[in-house]
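Notes follow once the structure below has been shown.
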Protein chains: 2
Amino acid sequence: MFEFRLDTRSGVPFYRQIIDQIRFGIATGQLRMGEQLPTVRSLAVQLKVNLNTVIKAYKELEIQKILETQQGTGTFIGSETVNVSAKERRNKTKSICEEFVNVAAVYGITPKQLIEELQKNEGGNL
Amino acid sequence: MFEFRLDTRSGVPFYRQIIDQIRFGIATGQLRMGEQLPTVRSLAVQLKVNLNTVIKAYKELEIQKILETQQGTGTFIGSETVNVSAKERRNKTKSICEEFVNVAAVYGITPKQLIEELQKNEGGNL
DNA sequence: AGTATTGTACTAGATAAATAGTACAATGTT
DNA sequence: AACATTGTACTATTTATCTAGTACAATACT
């Protein structure tokens, strides 16, 4: 199942984080055409945000034809292909790395040490 | 010279982007102790944001002792270092990396890609 | 038909963020 | 002493975001 995850510290609006995660989820094949998303109410509860916040995210994606909604039934991944550009992916990767390097720096952990730690776990994964 | 760059689309507040970039700059060695930052006015002009936005960023970093300011002179990178035990650091490194990998996974970014991105910034540092 | 579940449409209010503008204070230079 | 440059301290306004709450509409199920 697809997992949403909000970063409350980043300053990025919740609805935008939801949008991004769905878009990236589709782009990377984690979410597939026709698949049902959590209902607006359940996702709101799950992420501990207001109903309207989820609605705002779903609605924007529906306008872009990335999602299809049926009142009374639910919200589904549409047939529109999502292209997350290489540039956008790079930016996302970069911003995530920046944030973590910053967090690590607070504890005196250098980027080099982060790399080493990540490489340790490189063996036993996908 | 250090280059600032605001992403107007990300939804991340400007002052936070400035903060993050300075912290990242220090963590990666691009900004060094004692180095002078742009003046609040010049950076405001450069980034096309309001004076208060830059002030807010600088001030928060000053509270954290990451920056040092002298009225009439300018704002400089401070000398703050954090001391943590080796054991504590190892644990912290591990937990940060775990979190890091999980967040990245939401966006379909693999650990391998994270390592590559981190290595990019490895060149220009201590 | 009745009920539960789904999405939709509102209004209202709180807080955060950014802009705009003015005035003041400390430092360095001339 | 005069001036320019630096950071500081305000106030006011606008916009975006999020929360809260209510009511309604469409669909599926019993």
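In the structure tokens, chains take the letters A, B, ... in the order shown, each chain's residues start at 1, and ligands count up from 1 in the order shown.
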
Chain B: residues DSSP assigns to helix (DSSP H, G or I), reported as an MDAnalysis selection string: chainID B and resid 14:27 40:47 51:63 86:106 111:120

Could you write out as a PDB file with N, CA and C atoms (P, O5', C5', C4', C3', O3' and C1' of nucleotides), in the first residue's frame the residues of chain C within 7 Å of chain A, counting only C-alpha atoms (C1' of nucleotides)?
ATOM      1  P    DT C   5     -20.181   4.027   7.338  1.00  0.00           P
ATOM      2  O5'  DT C   5     -19.633   4.458   5.916  1.00  0.00           O
ATOM      3  C5'  DT C   5     -19.580   3.497   4.855  1.00  0.00           C
ATOM      4  C4'  DT C   5     -19.242   4.193   3.555  1.00  0.00           C
ATOM      5  C3'  DT C   5     -18.155   5.259   3.710  1.00  0.00           C
ATOM      6  O3'  DT C   5     -17.075   4.994   2.842  1.00  0.00           O
ATOM      7  C1'  DT C   5     -20.008   6.096   2.469  1.00  0.00           C
ATOM      8  P    DT C   6     -15.792   5.930   2.880  1.00  0.00           P
ATOM      9  O5'  DT C   6     -15.976   6.876   1.616  1.00  0.00           O
ATOM     10  C5'  DT C   6     -16.000   6.307   0.311  1.00  0.00           C
ATOM     11  C4'  DT C   6     -16.462   7.324  -0.703  1.00  0.00           C
ATOM     12  C3'  DT C   6     -15.771   8.679  -0.600  1.00  0.00           C
ATOM     13  O3'  DT C   6     -14.655   8.779  -1.443  1.00  0.00           O
ATOM     14  C1'  DT C   6     -18.113   8.947  -0.880  1.00  0.00           C
ATOM     15  P    DG C   7     -13.752  10.089  -1.285  1.00  0.00           P
ATOM     16  O5'  DG C   7     -14.534  11.219  -2.104  1.00  0.00           O
ATOM     17  C5'  DG C   7     -14.713  11.094  -3.508  1.00  0.00           C
ATOM     18  C4'  DG C   7     -15.667  12.185  -3.992  1.00  0.00           C
ATOM     19  C3'  DG C   7     -15.064  13.598  -3.966  1.00  0.00           C
ATOM     20  O3'  DG C   7     -15.444  14.310  -5.148  1.00  0.00           O
ATOM     21  C1'  DG C   7     -17.045  13.565  -2.702  1.00  0.00           C
TER      22       DG C   7
END

Counting only C-alpha atoms, the residue of A:Val54, A:Val84, A:Cys97, A:Leu67 that sits nearest chain B: A:Cys97

Within 9 Å of chain B: residues of chain A, using only C-alpha atoms, as a PyMOL selection string: chain A and resi 2-5+7+10-13+16+20-25+27-30+89-90+92-94+96-119+121-122+126

Every residue of chain B that DSSP places in strand (DSSP E), as a PyMOL selection string: chain B and resi 67-70+74-77

Any chance you could export the current selection's N, CA and C atoms as a CSV table (one decimal), in the first residue's frame?
chain,number,residue,atom,x,y,z
B,67,LEU,N,25.2,32.4,13.1
B,67,LEU,CA,25.7,33.7,12.6
B,67,LEU,C,26.1,34.6,13.7
B,68,GLU,N,27.0,35.5,13.4
B,68,GLU,CA,27.3,36.6,14.3
B,68,GLU,C,27.1,37.9,13.6
B,69,THR,N,26.4,38.9,14.2
B,69,THR,CA,26.2,40.1,13.5
B,69,THR,C,26.8,41.3,14.3
B,70,GLN,N,27.3,42.2,13.6
B,70,GLN,CA,27.8,43.5,14.2
B,70,GLN,C,27.1,44.6,13.5
B,74,GLY,N,28.3,44.2,9.6
B,74,GLY,CA,27.8,43.1,8.7
B,74,GLY,C,27.5,41.9,9.5
B,75,THR,N,27.2,40.8,8.7
B,75,THR,CA,26.9,39.5,9.3
B,75,THR,C,27.9,38.5,8.9
B,76,PHE,N,28.3,37.7,9.9
B,76,PHE,CA,29.4,36.7,9.6
B,76,PHE,C,29.0,35.3,10.1
B,77,ILE,N,29.7,34.4,9.5
B,77,ILE,CA,29.6,33.0,9.9
B,77,ILE,C,30.2,32.8,11.3
